[in-house]
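Structure record follows, encoded as structure tokens.
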Amino acid sequence: MARPSLLLLMAAASAIAAVANAASIATGDQDGTSKTRLGNSIERDLSARDQDAAKRQRALDLREQAAKAAEQRLAASVEAQQKDAATGAPGAPGAPSPAEAQFDELARIYQAMKPAKAAAVFEQLDMEVQMKVAQRMRPASTAAILASMSPKGAASLSMALARKSAAKPVAAPAAAAMAGPPGAARRPG
């Protein structure tokens, strides 16, 4: 048998080395060293730390969005209160008087109560106080309290509320009636 030449063995070794280098470049191991357990552990720890940092950043972003939304709601509420204060009381340029604020507070209290219990107390109040409080309550709460009141009390409050709302439009015809007797209308002559 013939022995292979040294040159042929060297060529085969260099071809195998070239194929091995190409395979390592294709798999991403460019420096020729394989990853150790320590390298894998470090990579996992870095990945976990990056994920935790991303979670914290998302939580901070959500908190910031919630704070901005709350700030916008608060600004809208303040603006609405300022509009209500400006349009609600023609004589008062800003905040309502302390007496008006008390009626607002009473309205909130009666709305929070059970209608039957609120009606029992509500009927004992002066009619003017009942009217002012009922005007500041939500219609549904007023209706529930009226339904729980005695028929006489509910009718009295309803009539008082109706007179109060009807008093403004009726004021102009009442002034015209005061100008002269009803039968003394001018005739074109």
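Chain labels follow the order of the structure tokens: the first chain is A, the next B, and so on; residue numbering restarts at 1 in every chain, and ligands are counted from 1 in their shown order.
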Next on the checklist: Taking the DSSP secondary structure from the backbone, can you list the residues of stretch 51-120 of chain A that are alpha helix (DSSP H), as a ChimeraX atom specification?
Outcome noted: /A:51-88,98-112,115-120
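Every protein, DNA or RNA residue with an atom at most 7 Å from stretch 135-150 of chain A, where only C-alpha atoms count and chain neighbours fewer than 3 positions away do not, is listed here: Asp104, Ala107, Gln111, Pro115, Ala116, Ala118, Ala119, Ala120, Met131, Lys132, Gly153 and Ala154 of chain A.
The coordinates place atom CA of A:Leu161 at 8.3 Å from atom CA of A:Ala134.
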Next on the checklist: For a test of reading the model, state the distance in Å between atom CA of A:Phe103 and atom CA of A:Asp84, rounded to one decimal.
Outcome noted: 15.4 Å
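Atom CA of A:Glu105 is found 17.7 Å from atom CA of A:Gln82.
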